[in-house]
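Chemist: Input structure: run-v4.txt, which contains compact mmCIF, N, CA and C atoms.
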```txt
# COMPACT_ATOMS: atom_id res chain seq x y z
N LEU A 1 -39.43 9.69 1.31
CA LEU A 1 -38.27 9.28 0.52
C LEU A 1 -38.73 8.23 -0.48
N THR A 2 -38.53 8.55 -1.75
CA THR A 2 -39.00 7.63 -2.79
C THR A 2 -37.87 7.04 -3.61
N ASP A 3 -36.75 7.75 -3.75
CA ASP A 3 -35.64 7.26 -4.56
C ASP A 3 -34.32 7.52 -3.87
N LEU A 4 -33.33 6.74 -4.24
CA LEU A 4 -31.96 6.92 -3.76
C LEU A 4 -31.06 7.17 -4.97
N TYR A 5 -29.98 7.89 -4.74
CA TYR A 5 -28.97 8.16 -5.78
C TYR A 5 -29.57 8.83 -7.02
N VAL A 6 -30.37 9.85 -6.77
CA VAL A 6 -30.92 10.68 -7.84
C VAL A 6 -30.62 12.13 -7.49
N PRO A 7 -30.55 13.01 -8.49
CA PRO A 7 -30.35 14.43 -8.19
C PRO A 7 -31.50 14.98 -7.34
N VAL A 8 -31.16 15.89 -6.43
CA VAL A 8 -32.17 16.57 -5.61
C VAL A 8 -31.92 18.07 -5.72
N GLU A 9 -32.97 18.85 -5.53
CA GLU A 9 -32.84 20.30 -5.54
C GLU A 9 -32.94 20.80 -4.11
N VAL A 10 -31.95 21.58 -3.72
CA VAL A 10 -31.91 22.16 -2.38
C VAL A 10 -31.62 23.65 -2.54
N GLY A 11 -32.54 24.47 -2.12
CA GLY A 11 -32.34 25.92 -2.20
C GLY A 11 -32.09 26.39 -3.61
N GLY A 12 -32.71 25.75 -4.59
CA GLY A 12 -32.53 26.15 -5.98
C GLY A 12 -31.30 25.59 -6.65
N GLN A 13 -30.52 24.80 -5.92
CA GLN A 13 -29.30 24.22 -6.48
C GLN A 13 -29.49 22.71 -6.60
N VAL A 14 -29.16 22.15 -7.76
CA VAL A 14 -29.29 20.72 -7.98
C VAL A 14 -28.03 20.02 -7.46
N ILE A 15 -28.22 19.08 -6.58
CA ILE A 15 -27.14 18.28 -6.02
C ILE A 15 -27.24 16.89 -6.63
N HIS A 16 -26.16 16.44 -7.24
CA HIS A 16 -26.13 15.13 -7.88
C HIS A 16 -25.51 14.10 -6.94
N PRO A 17 -25.85 12.83 -7.11
CA PRO A 17 -25.21 11.79 -6.30
C PRO A 17 -23.69 11.88 -6.40
N ASN A 18 -23.02 11.70 -5.29
CA ASN A 18 -21.57 11.72 -5.17
C ASN A 18 -20.94 13.11 -5.22
N ASP A 19 -21.73 14.16 -5.40
CA ASP A 19 -21.16 15.50 -5.31
C ASP A 19 -20.63 15.73 -3.89
N LEU A 20 -19.63 16.55 -3.80
CA LEU A 20 -19.09 16.93 -2.49
C LEU A 20 -19.72 18.26 -2.10
N LEU A 21 -19.99 18.42 -0.82
CA LEU A 21 -20.52 19.68 -0.31
C LEU A 21 -19.57 20.20 0.75
N HIS A 22 -19.28 21.48 0.67
CA HIS A 22 -18.45 22.13 1.69
C HIS A 22 -19.27 23.27 2.27
N ALA A 23 -19.41 23.26 3.57
CA ALA A 23 -20.20 24.30 4.23
C ALA A 23 -19.42 24.89 5.40
N ASP A 24 -19.60 26.18 5.59
CA ASP A 24 -19.07 26.86 6.76
C ASP A 24 -20.03 27.98 7.12
N ARG A 25 -19.65 28.85 8.00
CA ARG A 25 -20.57 29.89 8.45
C ARG A 25 -20.93 30.89 7.35
N ASP A 26 -20.14 30.90 6.26
CA ASP A 26 -20.41 31.82 5.17
C ASP A 26 -21.33 31.24 4.11
N GLY A 27 -21.59 29.95 4.16
CA GLY A 27 -22.47 29.34 3.17
C GLY A 27 -22.04 27.94 2.81
N ILE A 28 -22.54 27.49 1.68
CA ILE A 28 -22.27 26.13 1.22
C ILE A 28 -21.92 26.17 -0.26
N THR A 29 -21.01 25.32 -0.66
CA THR A 29 -20.65 25.22 -2.07
C THR A 29 -20.68 23.76 -2.48
N GLN A 30 -21.02 23.55 -3.71
CA GLN A 30 -21.13 22.21 -4.27
C GLN A 30 -19.92 21.96 -5.17
N ILE A 31 -19.33 20.80 -5.03
CA ILE A 31 -18.22 20.40 -5.88
C ILE A 31 -18.65 19.16 -6.64
N PRO A 32 -18.88 19.29 -7.95
CA PRO A 32 -19.30 18.12 -8.72
C PRO A 32 -18.27 17.00 -8.62
N ALA A 33 -18.75 15.78 -8.51
CA ALA A 33 -17.87 14.62 -8.39
C ALA A 33 -16.87 14.56 -9.56
N GLU A 34 -17.30 15.04 -10.73
CA GLU A 34 -16.45 14.99 -11.93
C GLU A 34 -15.17 15.81 -11.80
N ILE A 35 -15.17 16.80 -10.92
CA ILE A 35 -13.96 17.63 -10.78
C ILE A 35 -13.28 17.46 -9.42
N ALA A 36 -13.75 16.52 -8.63
CA ALA A 36 -13.21 16.35 -7.27
C ALA A 36 -11.70 16.15 -7.28
N ASP A 37 -11.17 15.41 -8.25
CA ASP A 37 -9.73 15.17 -8.29
C ASP A 37 -8.93 16.40 -8.69
N GLU A 38 -9.60 17.44 -9.18
CA GLU A 38 -8.92 18.68 -9.55
C GLU A 38 -8.82 19.66 -8.38
N ILE A 39 -9.53 19.39 -7.30
CA ILE A 39 -9.62 20.35 -6.20
C ILE A 39 -8.27 20.70 -5.57
N PRO A 40 -7.39 19.74 -5.26
CA PRO A 40 -6.11 20.15 -4.64
C PRO A 40 -5.32 21.15 -5.49
N ASP A 41 -5.20 20.90 -6.79
CA ASP A 41 -4.47 21.83 -7.65
C ASP A 41 -5.20 23.16 -7.78
N ALA A 42 -6.53 23.09 -7.90
CA ALA A 42 -7.32 24.31 -8.02
C ALA A 42 -7.22 25.15 -6.75
N ALA A 43 -7.23 24.49 -5.59
CA ALA A 43 -7.12 25.21 -4.33
C ALA A 43 -5.76 25.91 -4.23
N ALA A 44 -4.70 25.23 -4.65
CA ALA A 44 -3.37 25.84 -4.61
C ALA A 44 -3.30 27.05 -5.54
N ALA A 45 -3.90 26.93 -6.73
CA ALA A 45 -3.91 28.05 -7.67
C ALA A 45 -4.73 29.21 -7.13
N PHE A 46 -5.85 28.90 -6.47
CA PHE A 46 -6.67 29.96 -5.89
C PHE A 46 -5.92 30.67 -4.77
N MET A 47 -5.23 29.89 -3.94
CA MET A 47 -4.44 30.50 -2.85
C MET A 47 -3.37 31.43 -3.42
N GLU A 48 -2.77 31.04 -4.54
CA GLU A 48 -1.76 31.89 -5.17
C GLU A 48 -2.40 33.19 -5.66
N SER A 49 -3.60 33.12 -6.22
CA SER A 49 -4.28 34.33 -6.69
C SER A 49 -4.59 35.26 -5.51
N GLU A 50 -4.93 34.70 -4.39
CA GLU A 50 -5.19 35.50 -3.18
C GLU A 50 -3.90 36.09 -2.63
N ARG A 51 -2.80 35.31 -2.70
CA ARG A 51 -1.51 35.78 -2.18
C ARG A 51 -1.08 37.05 -2.90
N VAL A 52 -1.27 37.08 -4.21
CA VAL A 52 -0.91 38.26 -5.01
C VAL A 52 -1.60 39.50 -4.44
N PHE A 53 -2.87 39.38 -4.16
CA PHE A 53 -3.66 40.49 -3.65
C PHE A 53 -3.26 40.84 -2.21
N LEU A 54 -3.14 39.83 -1.36
CA LEU A 54 -2.83 40.07 0.05
C LEU A 54 -1.42 40.64 0.25
N GLU A 55 -0.49 40.27 -0.63
CA GLU A 55 0.87 40.80 -0.55
C GLU A 55 0.86 42.32 -0.69
N VAL A 56 0.09 42.81 -1.64
CA VAL A 56 0.00 44.26 -1.85
C VAL A 56 -0.69 44.91 -0.66
N LEU A 57 -1.75 44.30 -0.17
CA LEU A 57 -2.46 44.88 0.97
C LEU A 57 -1.61 44.93 2.24
N GLY A 58 -0.62 44.04 2.33
CA GLY A 58 0.25 44.02 3.49
C GLY A 58 1.33 45.09 3.49
N GLN A 59 1.45 45.80 2.38
CA GLN A 59 2.45 46.85 2.29
C GLN A 59 1.91 48.15 2.89
N PRO A 60 2.78 48.96 3.47
CA PRO A 60 2.31 50.23 4.01
C PRO A 60 1.95 51.22 2.89
N ASN A 61 0.99 52.04 3.15
CA ASN A 61 0.61 53.14 2.24
C ASN A 61 0.24 52.68 0.83
N VAL A 62 -0.56 51.64 0.75
CA VAL A 62 -1.01 51.15 -0.55
C VAL A 62 -1.92 52.20 -1.19
N THR A 63 -1.65 52.48 -2.45
CA THR A 63 -2.47 53.46 -3.16
C THR A 63 -3.68 52.76 -3.79
N VAL A 64 -4.64 53.55 -4.17
CA VAL A 64 -5.83 53.01 -4.84
C VAL A 64 -5.41 52.34 -6.15
N VAL A 65 -4.47 52.93 -6.85
CA VAL A 65 -3.99 52.36 -8.12
C VAL A 65 -3.35 50.99 -7.87
N GLU A 66 -2.52 50.88 -6.84
CA GLU A 66 -1.89 49.60 -6.51
C GLU A 66 -2.94 48.57 -6.09
N PHE A 67 -3.90 49.01 -5.30
CA PHE A 67 -4.99 48.14 -4.86
C PHE A 67 -5.75 47.58 -6.07
N LYS A 68 -6.14 48.47 -6.97
CA LYS A 68 -6.90 48.05 -8.16
C LYS A 68 -6.09 47.14 -9.05
N ALA A 69 -4.80 47.41 -9.20
CA ALA A 69 -3.94 46.57 -10.04
C ALA A 69 -3.81 45.16 -9.43
N ALA A 70 -3.61 45.10 -8.12
CA ALA A 70 -3.49 43.80 -7.47
C ALA A 70 -4.80 43.03 -7.54
N ARG A 71 -5.89 43.73 -7.37
CA ARG A 71 -7.20 43.08 -7.45
C ARG A 71 -7.45 42.54 -8.86
N ALA A 72 -7.09 43.34 -9.87
CA ALA A 72 -7.26 42.91 -11.26
C ALA A 72 -6.40 41.68 -11.56
N GLU A 73 -5.16 41.68 -11.08
CA GLU A 73 -4.29 40.53 -11.30
C GLU A 73 -4.85 39.29 -10.62
N SER A 74 -5.33 39.45 -9.39
CA SER A 74 -5.92 38.32 -8.66
C SER A 74 -7.15 37.78 -9.39
N LYS A 75 -8.00 38.67 -9.85
CA LYS A 75 -9.21 38.25 -10.57
C LYS A 75 -8.86 37.57 -11.89
N ALA A 76 -7.82 38.04 -12.57
CA ALA A 76 -7.41 37.42 -13.83
C ALA A 76 -6.91 36.00 -13.58
N LEU A 77 -6.14 35.81 -12.51
CA LEU A 77 -5.68 34.47 -12.15
C LEU A 77 -6.86 33.56 -11.83
N GLN A 78 -7.84 34.09 -11.12
CA GLN A 78 -9.02 33.30 -10.78
C GLN A 78 -9.85 32.97 -12.02
N LYS A 79 -9.91 33.88 -12.96
CA LYS A 79 -10.64 33.62 -14.20
C LYS A 79 -9.98 32.50 -14.98
N ARG A 80 -8.65 32.55 -15.09
CA ARG A 80 -7.94 31.48 -15.79
C ARG A 80 -8.14 30.14 -15.09
N LEU A 81 -8.16 30.18 -13.76
CA LEU A 81 -8.41 28.96 -13.00
C LEU A 81 -9.79 28.41 -13.32
N GLY A 82 -10.79 29.28 -13.34
CA GLY A 82 -12.15 28.86 -13.65
C GLY A 82 -12.27 28.24 -15.03
N GLU A 83 -11.51 28.78 -15.98
CA GLU A 83 -11.53 28.24 -17.34
C GLU A 83 -10.84 26.88 -17.42
N ARG A 84 -9.87 26.66 -16.52
CA ARG A 84 -9.10 25.42 -16.52
C ARG A 84 -9.88 24.25 -15.91
N VAL A 85 -10.66 24.56 -14.89
CA VAL A 85 -11.38 23.51 -14.19
C VAL A 85 -12.57 23.09 -15.03
N SER A 86 -12.72 21.79 -15.20
CA SER A 86 -13.83 21.29 -16.03
C SER A 86 -15.16 21.55 -15.37
N ARG A 87 -16.21 21.58 -16.17
CA ARG A 87 -17.56 21.88 -15.70
C ARG A 87 -18.50 20.74 -16.06
N ARG A 88 -19.52 20.58 -15.25
CA ARG A 88 -20.58 19.62 -15.56
C ARG A 88 -21.38 20.18 -16.72
N THR A 89 -21.67 19.35 -17.71
CA THR A 89 -22.48 19.79 -18.86
C THR A 89 -23.86 19.20 -18.79
```
Give the structure from this file in structure tokens form.
Modeler:
Amino acid sequence: LTDLYVPVEVGGQVIHPNDLLHADRDGITQIPAEIADEIPDAAAAFMESERVFLEVLGQPNVTVVEFKAARAESKALQKRLGERVSRRT
């Protein structure tokens, strides 16, 4: 250990001081400190995008067309969310 509070590279991903890390059995994700205050709203918007998709899947006899339409709507909501959340430059 030679330095403290400097960026480090782990598994090809650069982790900056004060970044948040979330890990579970599916993997790990990095949340830049600069957007940490946006996470609650972003999480709610993401859940809404998933709800759109899951609502259709919960219906009986879902067609491929309905499945694709719900998936497209969910992805569009997620894309808009991604554009709204600020990024590290």
Chemist: May I ask for the distance between atom C of Lys68 of chain A and atom N of Ser49 of chain A, given in Å to one decimal place?
Modeler: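 Separation of atom C of Lys68 of chain A and atom N of Ser49 of chain A: 14.5 Å.
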Chemist: Hey, can you check how far atom C of Ala42 of chain A sits from atom N of Leu81 of chain A?
Modeler: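 Taking atom C of Ala42 of chain A and atom N of Leu81 of chain A, their separation equals 8.7 Å.
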Chemist: So how many Å separate atom N of Arg71 of chain A and atom CA of Glu38 of chain A, to one decimal?
Modeler: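 Atom CA of Glu38 of chain A lies at a distance of 25.3 Å from atom N of Arg71 of chain A.
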Chemist: With DSSP run on the backbone, what are the alpha helix (DSSP H) residues within chain A? I'd like them as a ChimeraX atom specification.
Modeler: /A:39-57,64-84
Chemist: For the residues in that selection, give me N, CA and C atoms as a compact mmCIF listing (two decimals), in the frame of the given file.
Modeler:
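As a result, result-v3.txt now contains:
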```
# COMPACT_ATOMS: atom_id res chain seq x y z
N ILE A 39 -9.53 19.39 -7.30
CA ILE A 39 -9.62 20.35 -6.20
C ILE A 39 -8.27 20.70 -5.57
N PRO A 40 -7.39 19.74 -5.26
CA PRO A 40 -6.11 20.15 -4.64
C PRO A 40 -5.32 21.15 -5.49
N ASP A 41 -5.20 20.90 -6.79
CA ASP A 41 -4.47 21.83 -7.65
C ASP A 41 -5.20 23.16 -7.78
N ALA A 42 -6.53 23.09 -7.90
CA ALA A 42 -7.32 24.31 -8.02
C ALA A 42 -7.22 25.15 -6.75
N ALA A 43 -7.23 24.49 -5.59
CA ALA A 43 -7.12 25.21 -4.33
C ALA A 43 -5.76 25.91 -4.23
N ALA A 44 -4.70 25.23 -4.65
CA ALA A 44 -3.37 25.84 -4.61
C ALA A 44 -3.30 27.05 -5.54
N ALA A 45 -3.90 26.93 -6.73
CA ALA A 45 -3.91 28.05 -7.67
C ALA A 45 -4.73 29.21 -7.13
N PHE A 46 -5.85 28.90 -6.47
CA PHE A 46 -6.67 29.96 -5.89
C PHE A 46 -5.92 30.67 -4.77
N MET A 47 -5.23 29.89 -3.94
CA MET A 47 -4.44 30.50 -2.85
C MET A 47 -3.37 31.43 -3.42
N GLU A 48 -2.77 31.04 -4.54
CA GLU A 48 -1.76 31.89 -5.17
C GLU A 48 -2.40 33.19 -5.66
N SER A 49 -3.60 33.12 -6.22
CA SER A 49 -4.28 34.33 -6.69
C SER A 49 -4.59 35.26 -5.51
N GLU A 50 -4.93 34.70 -4.39
CA GLU A 50 -5.19 35.50 -3.18
C GLU A 50 -3.90 36.09 -2.63
N ARG A 51 -2.80 35.31 -2.70
CA ARG A 51 -1.51 35.78 -2.18
C ARG A 51 -1.08 37.05 -2.90
N VAL A 52 -1.27 37.08 -4.21
CA VAL A 52 -0.91 38.26 -5.01
C VAL A 52 -1.60 39.50 -4.44
N PHE A 53 -2.87 39.38 -4.16
CA PHE A 53 -3.66 40.49 -3.65
C PHE A 53 -3.26 40.84 -2.21
N LEU A 54 -3.14 39.83 -1.36
CA LEU A 54 -2.83 40.07 0.05
C LEU A 54 -1.42 40.64 0.25
N GLU A 55 -0.49 40.27 -0.63
CA GLU A 55 0.87 40.80 -0.55
C GLU A 55 0.86 42.32 -0.69
N VAL A 56 0.09 42.81 -1.64
CA VAL A 56 0.00 44.26 -1.85
C VAL A 56 -0.69 44.91 -0.66
N LEU A 57 -1.75 44.30 -0.17
CA LEU A 57 -2.46 44.88 0.97
C LEU A 57 -1.61 44.93 2.24
N VAL A 64 -4.64 53.55 -4.17
CA VAL A 64 -5.83 53.01 -4.84
C VAL A 64 -5.41 52.34 -6.15
N VAL A 65 -4.47 52.93 -6.85
CA VAL A 65 -3.99 52.36 -8.12
C VAL A 65 -3.35 50.99 -7.87
N GLU A 66 -2.52 50.88 -6.84
CA GLU A 66 -1.89 49.60 -6.51
C GLU A 66 -2.94 48.57 -6.09
N PHE A 67 -3.90 49.01 -5.30
CA PHE A 67 -4.99 48.14 -4.86
C PHE A 67 -5.75 47.58 -6.07
N LYS A 68 -6.14 48.47 -6.97
CA LYS A 68 -6.90 48.05 -8.16
C LYS A 68 -6.09 47.14 -9.05
N ALA A 69 -4.80 47.41 -9.20
CA ALA A 69 -3.94 46.57 -10.04
C ALA A 69 -3.81 45.16 -9.43
N ALA A 70 -3.61 45.10 -8.12
CA ALA A 70 -3.49 43.80 -7.47
C ALA A 70 -4.80 43.03 -7.54
N ARG A 71 -5.89 43.73 -7.37
CA ARG A 71 -7.20 43.08 -7.45
C ARG A 71 -7.45 42.54 -8.86
N ALA A 72 -7.09 43.34 -9.87
CA ALA A 72 -7.26 42.91 -11.26
C ALA A 72 -6.40 41.68 -11.56
N GLU A 73 -5.16 41.68 -11.08
CA GLU A 73 -4.29 40.53 -11.30
C GLU A 73 -4.85 39.29 -10.62
N SER A 74 -5.33 39.45 -9.39
CA SER A 74 -5.92 38.32 -8.66
C SER A 74 -7.15 37.78 -9.39
N LYS A 75 -8.00 38.67 -9.85
CA LYS A 75 -9.21 38.25 -10.57
C LYS A 75 -8.86 37.57 -11.89
N ALA A 76 -7.82 38.04 -12.57
CA ALA A 76 -7.41 37.42 -13.83
C ALA A 76 -6.91 36.00 -13.58
N LEU A 77 -6.14 35.81 -12.51
CA LEU A 77 -5.68 34.47 -12.15
C LEU A 77 -6.86 33.56 -11.83
N GLN A 78 -7.84 34.09 -11.12
CA GLN A 78 -9.02 33.30 -10.78
C GLN A 78 -9.85 32.97 -12.02
N LYS A 79 -9.91 33.88 -12.96
CA LYS A 79 -10.64 33.62 -14.20
C LYS A 79 -9.98 32.50 -14.98
N ARG A 80 -8.65 32.55 -15.09
CA ARG A 80 -7.94 31.48 -15.79
C ARG A 80 -8.14 30.14 -15.09
N LEU A 81 -8.16 30.18 -13.76
CA LEU A 81 -8.41 28.96 -13.00
C LEU A 81 -9.79 28.41 -13.32
N GLY A 82 -10.79 29.28 -13.34
CA GLY A 82 -12.15 28.86 -13.65
C GLY A 82 -12.27 28.24 -15.03
N GLU A 83 -11.51 28.78 -15.98
CA GLU A 83 -11.53 28.24 -17.34
C GLU A 83 -10.84 26.88 -17.42
N ARG A 84 -9.87 26.66 -16.52
CA ARG A 84 -9.10 25.42 -16.52
C ARG A 84 -9.88 24.25 -15.91
```
Chemist: Please report, as number ranges by chain, each residue of chain A to which DSSP assigns strand (DSSP E) when run on this structure's backbone.
Modeler: A: 8-10, 13-15, 20-24, 27-31
